[in-house]
Amino acid sequence: MSVRNLDHVFRPRSIVLVGASNVPGSLGRSLAENLIGHGFKGELSIVGPEPEVLGMATHASLDDLATGPDLAILTTPAETVPDDIATLGKRGTRAAIVIPPGFAEIGEVGRERQQRMLDAAKPHVLRVIGPNCLGIVVPGINLNASPLKTKVLPGSLAFAAQSGAVLSTVVDWATYRGVGFSHLASMGAMADVDFGDLLDFWLADPKTRAILLHMEGVKDARKFMSAARAASRTKPVVVIKTGWSPEGARAALSHTGRMAGDDAVYSAAFKRAGMLRVADLGELFAAVETLGMGTRVQGDRLAILSNGGGMGVLAADALARLGGRVANLAGTTVDQLTALLPPTCSPVNPVDIAADADPERYAAALELLLADDHHDAVLVLNSPVAEDLVDANADAVIETVKKKRRPVLTCWLGKEIPRPARRRFGGAKLPTYDTPEDAIEGFMHLVGYQRRQQLLLQAPTAIEIEPQPDVSAARVLCEEALEAGREWLTEPESKRLLSLYAIPVVRTETAATPEEAGRVGGRMGMSVALKVLSPDIAHKSDVNGVVLNLAEPHAIERAARAMLKRVQEAVPEARIEGFSVQEMVQMPGSTELLIGAKTDPLFGPVIVFGAGGLAVEALRDIAVALPPLNLELAREMISETRVHRLLQGYRTAPAAAIDQIALALVKLAQLVADVDLVDAVDVNPLLANNNGVLALDARVRVRAPERHGTARFAIRPYPAELEKLVTLRDGTPIYLRPIRPADAPELMDMIAKSNLEDLRMRFFTAMKQLPPTLAARLTQIDYDREMAFVAHALNGERDGLWGVGRLHADPDRQHAEYAVMTRSDIAGRGLGLRLMQEIIAHGRRTGVSEIFGEVLAENERMLTMCERLGFRRERSEEPEVAHMVLDLGSA
């Protein structure tokens, strides 16, 4: 369930407040005051024990209501809530806000109560906000269904918070700054409506331009990631995640009953979704200021204008520290500033226009900067040296920006003196900050959002793992270990598993006894490393279970006997199964790395990369990413670590083969996707130099999964099981498969090879070419919510794509829109019909209730095909367009 009936929450026509009271300071009194006093225009009813509340007549019980209202607000004790929800549902209510605590956060009794509440709501699809929350505010319709006393301003920012305290603090700060909201939602325990639901709802809301989230945890990782990825492509989404420390995680659990989870994994999820994470309330305030004003930038170059050199330098230092760039102004701009400003001023960036700068100087200097295209935004600073000019200078900036609207941020320093100026900036929708550092943080939030959008729209490199992975052999290897009662593969088995996915590993053999170890080493004919083999010893070096550079068989045998004695004394309970003997390899100039995988309880499999070797835990230099991966995502992951600097080469050391490291990460992610028995992988060290990579040691843990196949993943991987061979009407065999991100160039080529009339029929306009950003969006799809099947000849991609059939479902899978196009030179062979049949079958498989599409009335070929497939034609608002609908429930 996602957005169903959320319109009853945020756009109710009628409301009932249950538990209203006349007792001053009570929750029921506060809610009644806000619902009445803020001027909600819909129908309001009150249920409570008193005859009237604030002059309004009350009802003694829910049964006394004539009809069920759209939205119910419950302030009654927790034990009464399940029965109230059942009554409301039967009377037609479709949404409720449950304010009181006393549910899952208090233990078993509360969890049972919460489940009874959900069971009562489910038959009626009655959506529940909370419990243990403050409610909602929708300023645009004068709805304050919360105890907040602040008059929330209307605006374009939506904010959801699990903590009512965080929500009220942000609202108070934003109101002072003139920042308004489209919606506020206190989420509480999220028994039903969660962040994924609200992201989907606000994505479709035209009045919401940016989204803020305060979260302690999520409950459905895949739903959250699907909603977050969709929302972030269109609107900035900023998140502050608390509960990252052990102490904070325990507090979060007691607060909302929600596990906080691994913070590094959350960060990886936010980044993969294109969301911007902030660390604290100060950063969140900066994000509110920036995004609430609707400001956007195209890059990280900032021009700085100040009436004091010191403040300009502070801003420049903060910009460099956070990864932005001080813009190099055009020479003509510097010349014009030189002519404009007194000799004591600085015409280069950061531009210093002196402490005595008046409105005329501010306006003239800013006008020159706004005309310069060598920057992406301007930060205007003012120190209150001349107090009588502070407000006038602010007005000059506001008027100048009106003439040439480009991204401008402001910072009027001080506490009391600049208050009126800051309010002026808020009224003019210009972001304003208290300090240069806050302003730079706000600017870098915009830069971060822009960078994440670029990453989302980046067309990945097409790769094929060669040789093809032996999935069945890999699965058998893991199954045999589980059947033997083992949780860990042996080191040789682990390396064998990696080699099945073409990850280079050092040659390794096993020996049961010291004598056999000597013989095995002798056969290798080179120096070897000897390691103890035990399912009970995770880190062999910790128990002196590794000896290097052994050359002679007798030396290997002696080392094995001594090792056996040492290990048995150090870990007497450990089961010793023998020894592993591996070649000593020479990789000059190599760096020790770590690659691995683990299964997070919320987000499923995650991939890990970082500095390796014995000091891996001390260095703690790692990056985490959610699979599936491509080369671009893997390179981005590598670049997040400190060891990346070493890999780029230094002095006489050549750069490592970073593409080979990235490819190893992609292969590891594929292994985890293919074999759901793999629970954790630790490859340490993975040696990397300019010639490639080599795994020296590996450990793999296997476990029967709680969720099978790709259901474990927060992001559904490529569904290879949907690939198939089919035959067209004219007997031509073709290959149908789901679209891949790497298909973007082929899709653009297909459009280029089609005639304008065919393109007009598909896109309703004579599109001559497909823009790269749109091609990226059409190929980088969320396989959990949408599907696109591409068709091409059996000779692979050499003839390009022949056609595409697409199905995009709403979050509830109630409705899905289809689109089909075939290349002009393929027309008449039945490919369009075959693609339509495939997407209809996919809709049925995934539980879609209805498929619809918009078809030009003159497109007789498509209309005829739709009618043959059972579509009905419905009236459209546009006479030249036919609205075609197929009911999958009865078709």
# chains A, B, ... in the order shown; residues from 1 in each chain; ligands from 1

call {"tool": "residues_around", "arguments": {"residues": "Ser168 (chain A)", "least_positions_apart": "5", "cutoff": "9 Å", "atoms": "only C-alpha atoms", "output": "ChimeraX atom specification"}}
result
/A:148,150,163,173

call {"tool": "select_by_dssp", "arguments": {"residues": "region 618-701 of chain A", "states": "strand (DSSP E or B)", "output": "list in words"}}
result
Ile622, Ala623, Val624, Ala625, Tyr650, Ala653, Val678, Asp679, Ala680, Val681, Asp682, Val683, Asn684, Pro685, Leu686, Leu687, Ala688, Asn689, Gly692, Val693, Leu694, Ala695, Ala698, Arg699, Val700 and Arg701 of chain A

call {"tool": "write_last_selection", "arguments": {"atoms": "N, CA, C and O atoms", "output": "tab-separated table (two decimals), in the first residue's frame"}}
result
chain	number	residue	atom	x	y	z
A	622	ILE	N	36.49	2.73	4.54
A	622	ILE	CA	35.61	1.93	3.69
A	622	ILE	C	34.51	2.78	3.09
A	622	ILE	O	34.18	3.85	3.60
A	623	ALA	N	33.97	2.29	2.00
A	623	ALA	CA	32.77	2.85	1.38
A	623	ALA	C	31.77	1.72	1.22
A	623	ALA	O	32.15	0.56	1.01
A	624	VAL	N	30.50	2.07	1.30
A	624	VAL	CA	29.42	1.08	1.22
A	624	VAL	C	28.48	1.49	0.09
A	624	VAL	O	28.22	2.68	-0.11
A	625	ALA	N	27.98	0.53	-0.65
A	625	ALA	CA	27.04	0.81	-1.74
A	625	ALA	C	26.00	-0.29	-1.80
A	625	ALA	O	26.26	-1.45	-1.47
A	650	TYR	N	51.50	7.80	-7.29
A	650	TYR	CA	52.25	8.86	-6.60
A	650	TYR	C	53.73	8.63	-6.86
A	650	TYR	O	54.20	7.50	-6.95
A	653	ALA	N	55.33	5.52	-8.40
A	653	ALA	CA	54.35	4.43	-8.42
A	653	ALA	C	53.27	4.72	-9.46
A	653	ALA	O	52.62	5.77	-9.40
A	678	VAL	N	24.54	-16.84	-0.31
A	678	VAL	CA	25.72	-16.09	0.13
A	678	VAL	C	25.27	-14.97	1.06
A	678	VAL	O	24.56	-14.05	0.65
A	679	ASP	N	25.68	-15.05	2.32
A	679	ASP	CA	25.27	-14.07	3.33
A	679	ASP	C	26.33	-12.99	3.54
A	679	ASP	O	25.98	-11.84	3.83
A	680	ALA	N	27.60	-13.36	3.43
A	680	ALA	CA	28.68	-12.39	3.63
A	680	ALA	C	29.92	-12.85	2.88
A	680	ALA	O	30.17	-14.05	2.75
A	681	VAL	N	30.69	-11.87	2.38
A	681	VAL	CA	31.94	-12.14	1.67
A	681	VAL	C	32.99	-11.18	2.19
A	681	VAL	O	32.72	-9.99	2.38
A	682	ASP	N	34.19	-11.69	2.42
A	682	ASP	CA	35.31	-10.86	2.88
A	682	ASP	C	36.54	-11.25	2.07
A	682	ASP	O	37.09	-12.34	2.27
A	683	VAL	N	36.95	-10.41	1.15
A	683	VAL	CA	38.15	-10.64	0.35
A	683	VAL	C	39.20	-9.65	0.84
A	683	VAL	O	39.12	-8.45	0.57
A	684	ASN	N	40.19	-10.16	1.60
A	684	ASN	CA	41.20	-9.29	2.21
A	684	ASN	C	42.49	-10.08	2.44
A	684	ASN	O	42.49	-11.04	3.21
A	685	PRO	N	43.56	-9.72	1.73
A	685	PRO	CA	43.63	-8.56	0.84
A	685	PRO	C	43.31	-8.92	-0.61
A	685	PRO	O	43.51	-10.04	-1.05
A	686	LEU	N	42.83	-7.92	-1.32
A	686	LEU	CA	42.78	-7.94	-2.77
A	686	LEU	C	43.92	-7.04	-3.23
A	686	LEU	O	43.90	-5.83	-2.98
A	687	LEU	N	44.94	-7.63	-3.85
A	687	LEU	CA	46.06	-6.83	-4.33
A	687	LEU	C	45.68	-6.14	-5.63
A	687	LEU	O	45.02	-6.74	-6.49
A	688	ALA	N	46.11	-4.89	-5.77
A	688	ALA	CA	45.82	-4.14	-6.99
A	688	ALA	C	47.04	-3.34	-7.39
A	688	ALA	O	47.63	-2.63	-6.56
A	689	ASN	N	47.46	-3.47	-8.64
A	689	ASN	CA	48.50	-2.60	-9.19
A	689	ASN	C	48.10	-2.19	-10.60
A	689	ASN	O	46.94	-2.34	-10.99
A	692	GLY	N	46.40	-5.11	-12.75
A	692	GLY	CA	45.15	-5.77	-12.43
A	692	GLY	C	44.99	-6.04	-10.96
A	692	GLY	O	45.60	-5.38	-10.11
A	693	VAL	N	44.15	-7.04	-10.62
A	693	VAL	CA	43.84	-7.36	-9.23
A	693	VAL	C	44.02	-8.85	-9.00
A	693	VAL	O	43.93	-9.65	-9.94
A	694	LEU	N	44.24	-9.24	-7.73
A	694	LEU	CA	44.37	-10.64	-7.37
A	694	LEU	C	43.95	-10.81	-5.92
A	694	LEU	O	44.45	-10.12	-5.03
A	695	ALA	N	43.01	-11.74	-5.69
A	695	ALA	CA	42.54	-12.02	-4.33
A	695	ALA	C	43.47	-13.01	-3.67
A	695	ALA	O	43.66	-14.13	-4.16
A	698	ALA	N	40.19	-15.07	1.19
A	698	ALA	CA	38.74	-14.85	1.07
A	698	ALA	C	38.01	-15.70	2.08
A	698	ALA	O	38.44	-16.82	2.41
A	699	ARG	N	36.92	-15.15	2.59
A	699	ARG	CA	36.01	-15.88	3.48
A	699	ARG	C	34.58	-15.64	3.01
A	699	ARG	O	34.23	-14.51	2.65
A	700	VAL	N	33.79	-16.67	3.00
A	700	VAL	CA	32.39	-16.56	2.57
A	700	VAL	C	31.52	-17.26	3.59
A	700	VAL	O	31.76	-18.42	3.94
A	701	ARG	N	30.51	-16.55	4.09
A	701	ARG	CA	29.53	-17.15	4.99
A	701	ARG	C	28.26	-17.47	4.20
A	701	ARG	O	27.79	-16.64	3.42

call {"tool": "closest_residue", "arguments": {"among": "A:Ala327, A:Met526, A:Ile658, A:Leu457", "to": "Pro771 (chain A)", "atoms": "only C-alpha atoms"}}
result
A:Leu457

call {"tool": "select_by_dssp", "arguments": {"residues": "region 56-249 of chain A", "states": "alpha helix (DSSP H)", "output": "VMD selection string"}}
result
chain A and resid 81 to 90 108 to 121 164 to 177 195 to 203 221 to 232 246 to 249

call {"tool": "residues_around", "arguments": {"residues": "region 388-401 of chain A", "least_positions_apart": "4", "cutoff": "8 Å", "atoms": "only C-alpha atoms", "output": "count of residues only"}}
result
20

call {"tool": "closest_atom_pairs", "arguments": {"of": "region 343-393 of chain A", "to": "region 283-307 of chain A", "cutoff": "9 Å", "atoms": "only C-alpha atoms", "output": "JSON lines"}}
result
{"residue": "A:Asn349", "atom": "CA", "partner": "A:Ile304", "partner_atom": "CA", "distance": 6.2}
{"residue": "A:Pro350", "atom": "CA", "partner": "A:Ile304", "partner_atom": "CA", "distance": 4.7}
{"residue": "A:Val351", "atom": "CA", "partner": "A:Leu305", "partner_atom": "CA", "distance": 4.8}
{"residue": "A:Asp352", "atom": "CA", "partner": "A:Ser306", "partner_atom": "CA", "distance": 5.1}
{"residue": "A:Ile353", "atom": "CA", "partner": "A:Asn307", "partner_atom": "CA", "distance": 5.0}
{"residue": "A:Ala354", "atom": "CA", "partner": "A:Asn307", "partner_atom": "CA", "distance": 4.6}
{"residue": "A:Ala355", "atom": "CA", "partner": "A:Asn307", "partner_atom": "CA", "distance": 4.8}
{"residue": "A:Asp356", "atom": "CA", "partner": "A:Asn307", "partner_atom": "CA", "distance": 7.4}
{"residue": "A:Ala357", "atom": "CA", "partner": "A:Asn307", "partner_atom": "CA", "distance": 6.2}
{"residue": "A:Tyr362", "atom": "CA", "partner": "A:Leu305", "partner_atom": "CA", "distance": 8.5}
{"residue": "A:Ala365", "atom": "CA", "partner": "A:Leu305", "partner_atom": "CA", "distance": 8.0}
{"residue": "A:Leu366", "atom": "CA", "partner": "A:Leu305", "partner_atom": "CA", "distance": 7.4}
{"residue": "A:Leu369", "atom": "CA", "partner": "A:Ala303", "partner_atom": "CA", "distance": 7.5}
{"residue": "A:His374", "atom": "CA", "partner": "A:Arg301", "partner_atom": "CA", "distance": 7.7}
{"residue": "A:His375", "atom": "CA", "partner": "A:Arg301", "partner_atom": "CA", "distance": 4.9}
{"residue": "A:Asp376", "atom": "CA", "partner": "A:Arg301", "partner_atom": "CA", "distance": 5.2}
{"residue": "A:Ala377", "atom": "CA", "partner": "A:Leu302", "partner_atom": "CA", "distance": 5.2}
{"residue": "A:Val378", "atom": "CA", "partner": "A:Ala303", "partner_atom": "CA", "distance": 4.7}
{"residue": "A:Leu379", "atom": "CA", "partner": "A:Ile304", "partner_atom": "CA", "distance": 4.9}
{"residue": "A:Val380", "atom": "CA", "partner": "A:Leu305", "partner_atom": "CA", "distance": 4.8}
{"residue": "A:Leu381", "atom": "CA", "partner": "A:Ser306", "partner_atom": "CA", "distance": 4.6}
{"residue": "A:Asn382", "atom": "CA", "partner": "A:Asn307", "partner_atom": "CA", "distance": 5.7}
{"residue": "A:Ser383", "atom": "CA", "partner": "A:Asn307", "partner_atom": "CA", "distance": 6.5}
{"residue": "A:Val385", "atom": "CA", "partner": "A:Asn307", "partner_atom": "CA", "distance": 8.7}

call {"tool": "atom_distance", "arguments": {"atom1": "CA of Asp194 (chain A)", "atom2": "CA of Gly102 (chain A)"}}
result
18.5 Å

call {"tool": "residues_around", "arguments": {"residues": "Asn132 (chain A)", "least_positions_apart": "4", "cutoff": "7 Å", "atoms": "only C-alpha atoms", "output": "MDAnalysis selection string"}}
result
chainID A and resid 98:101 188:189

call {"tool": "write_last_selection", "arguments": {"atoms": "all heavy atoms", "output": "CSV table (one decimal), in the first residue's frame"}}
result
chain,number,residue,atom,x,y,z
A,98,VAL,N,-3.5,9.0,14.7
A,98,VAL,CA,-3.6,8.5,16.0
A,98,VAL,C,-2.5,9.2,16.8
A,98,VAL,O,-1.3,8.9,16.6
A,98,VAL,CB,-3.4,7.0,16.0
A,98,VAL,CG1,-3.4,6.4,17.4
A,98,VAL,CG2,-4.4,6.3,15.2
A,99,ILE,N,-2.9,10.1,17.7
A,99,ILE,CA,-1.9,11.0,18.4
A,99,ILE,C,-1.3,10.3,19.6
A,99,ILE,O,-0.1,10.4,19.8
A,99,ILE,CB,-2.6,12.2,18.9
A,99,ILE,CG1,-3.3,13.0,17.7
A,99,ILE,CG2,-1.7,13.1,19.7
A,99,ILE,CD1,-2.3,13.6,16.8
A,100,PRO,N,-2.0,9.5,20.4
A,100,PRO,CA,-1.4,9.0,21.7
A,100,PRO,C,-0.3,8.0,21.5
A,100,PRO,O,-0.3,7.2,20.5
A,100,PRO,CB,-2.6,8.4,22.4
A,100,PRO,CG,-3.6,8.0,21.4
A,100,PRO,CD,-3.4,9.1,20.3
A,101,PRO,N,0.6,7.9,22.5
A,101,PRO,CA,1.5,6.7,22.5
A,101,PRO,C,0.9,5.5,23.2
A,101,PRO,O,-0.3,5.5,23.4
A,101,PRO,CB,2.7,7.3,23.4
A,101,PRO,CG,1.9,8.2,24.4
A,101,PRO,CD,0.8,8.8,23.6
A,188,GLY,N,5.6,9.7,13.9
A,188,GLY,CA,5.6,8.8,15.0
A,188,GLY,C,6.1,7.4,14.7
A,188,GLY,O,7.1,7.3,14.1
A,189,ALA,N,5.3,6.4,15.1
A,189,ALA,CA,5.8,5.0,15.0
A,189,ALA,C,5.6,4.5,13.6
A,189,ALA,O,6.1,3.4,13.3
A,189,ALA,CB,5.0,4.2,16.0

call {"tool": "residues_around", "arguments": {"residues": "Leu770 (chain A)", "least_positions_apart": "5", "cutoff": "10 Å", "atoms": "only C-alpha atoms", "output": "ChimeraX atom specification"}}
result
/A:744-745,747-752,775-776

call {"tool": "write_last_selection", "arguments": {"atoms": "all heavy atoms", "output": "CSV table (one decimal), in the first residue's frame"}}
result
chain,number,residue,atom,x,y,z
A,744,ALA,N,20.9,3.0,-23.4
A,744,ALA,CA,20.6,4.4,-23.7
A,744,ALA,C,21.1,4.8,-25.1
A,744,ALA,O,20.3,5.4,-25.9
A,744,ALA,CB,21.1,5.4,-22.7
A,745,PRO,N,22.3,4.5,-25.5
A,745,PRO,CA,22.8,4.9,-26.9
A,745,PRO,C,21.9,4.2,-27.9
A,745,PRO,O,21.6,4.8,-29.0
A,745,PRO,CB,24.2,4.4,-26.9
A,745,PRO,CG,24.7,4.4,-25.5
A,745,PRO,CD,23.4,4.0,-24.7
A,747,LEU,N,18.8,3.2,-27.7
A,747,LEU,CA,17.5,3.8,-27.7
A,747,LEU,C,17.5,5.1,-28.5
A,747,LEU,O,16.6,5.4,-29.3
A,747,LEU,CB,17.0,4.0,-26.3
A,747,LEU,CG,15.6,4.6,-26.2
A,747,LEU,CD1,14.6,3.6,-26.7
A,747,LEU,CD2,15.3,4.9,-24.7
A,748,MET,N,18.6,5.9,-28.3
A,748,MET,CA,18.7,7.1,-29.1
A,748,MET,C,18.9,6.8,-30.6
A,748,MET,O,18.3,7.5,-31.4
A,748,MET,CB,19.9,7.9,-28.6
A,748,MET,CG,19.7,8.4,-27.1
A,748,MET,SD,21.3,9.1,-26.4
A,748,MET,CE,21.5,10.6,-27.4
A,749,ASP,N,19.6,5.8,-30.9
A,749,ASP,CA,19.8,5.4,-32.3
A,749,ASP,C,18.5,4.9,-32.9
A,749,ASP,O,18.2,5.2,-34.1
A,749,ASP,CB,20.9,4.3,-32.4
A,749,ASP,CG,21.2,3.9,-33.8
A,749,ASP,OD1,21.7,4.8,-34.5
A,749,ASP,OD2,20.9,2.7,-34.2
A,750,MET,N,17.7,4.2,-32.1
A,750,MET,CA,16.4,3.7,-32.6
A,750,MET,C,15.5,4.9,-33.0
A,750,MET,O,14.8,4.9,-34.0
A,750,MET,CB,15.7,2.8,-31.6
A,750,MET,CG,14.4,2.2,-32.1
A,750,MET,SD,13.5,1.3,-30.8
A,750,MET,CE,12.4,2.6,-30.2
A,751,ILE,N,15.5,5.9,-32.1
A,751,ILE,CA,14.7,7.1,-32.4
A,751,ILE,C,15.2,7.8,-33.7
A,751,ILE,O,14.4,8.2,-34.5
A,751,ILE,CB,14.7,8.1,-31.2
A,751,ILE,CG1,14.1,7.4,-30.0
A,751,ILE,CG2,14.1,9.4,-31.6
A,751,ILE,CD1,12.6,7.1,-30.1
A,752,ALA,N,16.5,7.9,-33.8
A,752,ALA,CA,17.1,8.5,-35.0
A,752,ALA,C,16.8,7.8,-36.3
A,752,ALA,O,16.7,8.4,-37.3
A,752,ALA,CB,18.6,8.6,-34.8
A,775,ALA,N,16.9,9.8,-22.5
A,775,ALA,CA,17.3,8.4,-22.8
A,775,ALA,C,17.8,7.7,-21.5
A,775,ALA,O,17.4,6.6,-21.3
A,775,ALA,CB,18.4,8.4,-23.8
A,776,ALA,N,18.5,8.4,-20.7
A,776,ALA,CA,19.0,7.9,-19.4
A,776,ALA,C,17.8,7.6,-18.5
A,776,ALA,O,17.7,6.5,-17.9
A,776,ALA,CB,19.9,8.8,-18.7

call {"tool": "closest_residue", "arguments": {"among": "A:Arg523, A:Ile36, A:Pro811, A:Leu88", "to": "Gly196 (chain A)", "atoms": "only C-alpha atoms"}}
result
A:Pro811

call {"tool": "residues_around", "arguments": {"residues": "Thr710 (chain A)", "least_positions_apart": "3", "cutoff": "9 Å", "atoms": "only C-alpha atoms", "output": "ChimeraX atom specification"}}
result
/A:673-674,676,707,713-717,719

call {"tool": "write_last_selection", "arguments": {"atoms": "N, CA, C and O atoms", "output": "PDB file, in the first residue's frame"}}
result
ATOM      1  N   ALA A 673      23.793 -11.383  -6.089  1.00  0.00           N
ATOM      2  CA  ALA A 673      22.455 -11.378  -6.680  1.00  0.00           C
ATOM      3  C   ALA A 673      22.053 -12.766  -7.164  1.00  0.00           C
ATOM      4  O   ALA A 673      20.897 -13.180  -7.011  1.00  0.00           O
ATOM      5  N   ASP A 674      23.001 -13.494  -7.733  1.00  0.00           N
ATOM      6  CA  ASP A 674      22.694 -14.793  -8.333  1.00  0.00           C
ATOM      7  C   ASP A 674      22.508 -15.898  -7.298  1.00  0.00           C
ATOM      8  O   ASP A 674      21.699 -16.809  -7.489  1.00  0.00           O
ATOM      9  N   ASP A 676      21.528 -16.626  -3.591  1.00  0.00           N
ATOM     10  CA  ASP A 676      20.953 -16.040  -2.379  1.00  0.00           C
ATOM     11  C   ASP A 676      21.418 -16.725  -1.105  1.00  0.00           C
ATOM     12  O   ASP A 676      21.105 -16.269  -0.003  1.00  0.00           O
ATOM     13  N   ARG A 707      14.516 -14.204   2.842  1.00  0.00           N
ATOM     14  CA  ARG A 707      13.818 -13.872   1.600  1.00  0.00           C
ATOM     15  C   ARG A 707      14.648 -14.408   0.446  1.00  0.00           C
ATOM     16  O   ARG A 707      15.861 -14.226   0.407  1.00  0.00           O
ATOM     17  N   PHE A 713      16.893  -7.749  -2.051  1.00  0.00           N
ATOM     18  CA  PHE A 713      17.527  -6.496  -2.416  1.00  0.00           C
ATOM     19  C   PHE A 713      16.602  -5.308  -2.192  1.00  0.00           C
ATOM     20  O   PHE A 713      15.407  -5.370  -2.476  1.00  0.00           O
ATOM     21  N   ALA A 714      17.179  -4.197  -1.726  1.00  0.00           N
ATOM     22  CA  ALA A 714      16.408  -2.960  -1.601  1.00  0.00           C
ATOM     23  C   ALA A 714      16.123  -2.368  -2.974  1.00  0.00           C
ATOM     24  O   ALA A 714      15.108  -1.692  -3.163  1.00  0.00           O
ATOM     25  N   ILE A 715      17.007  -2.605  -3.930  1.00  0.00           N
ATOM     26  CA  ILE A 715      16.808  -2.192  -5.318  1.00  0.00           C
ATOM     27  C   ILE A 715      16.778  -3.460  -6.158  1.00  0.00           C
ATOM     28  O   ILE A 715      17.757  -4.220  -6.171  1.00  0.00           O
ATOM     29  N   ARG A 716      15.690  -3.685  -6.832  1.00  0.00           N
ATOM     30  CA  ARG A 716      15.572  -4.939  -7.582  1.00  0.00           C
ATOM     31  C   ARG A 716      16.593  -4.982  -8.712  1.00  0.00           C
ATOM     32  O   ARG A 716      16.630  -4.077  -9.556  1.00  0.00           O
ATOM     33  N   PRO A 717      17.423  -6.019  -8.755  1.00  0.00           N
ATOM     34  CA  PRO A 717      18.403  -6.127  -9.846  1.00  0.00           C
ATOM     35  C   PRO A 717      17.730  -6.449 -11.176  1.00  0.00           C
ATOM     36  O   PRO A 717      16.530  -6.716 -11.253  1.00  0.00           O
ATOM     37  N   PRO A 719      16.112  -8.198 -14.008  1.00  0.00           N
ATOM     38  CA  PRO A 719      15.376  -9.472 -13.970  1.00  0.00           C
ATOM     39  C   PRO A 719      15.695 -10.353 -15.180  1.00  0.00           C
ATOM     40  O   PRO A 719      14.920 -10.433 -16.146  1.00  0.00           O
TER      41      PRO A 719
END

call {"tool": "closest_residue", "arguments": {"among": "A:His815, A:Lys271, A:Arg94, A:Arg834", "to": "Ser849 (chain A)", "atoms": "only C-alpha atoms"}}
result
A:His815

call {"tool": "closest_residue", "arguments": {"among": "A:Val128, A:Met524, A:Ala78, A:Val170", "to": "Ala96 (chain A)", "atoms": "only C-alpha atoms"}}
result
A:Val128

call {"tool": "atom_distance", "arguments": {"atom1": "CA of Leu619 (chain A)", "atom2": "CA of Glu592 (chain A)"}}
result
12.2 Å

call {"tool": "residues_around", "arguments": {"residues": "region 221-225 of chain A", "least_positions_apart": "4", "cutoff": "12 Å", "atoms": "only C-alpha atoms", "output": "PyMOL selection string"}}
result
chain A and resi 1-3+193-200+215+217+229-232+261+265-266+268-275+600-605+626+710-717+782-785+811-812
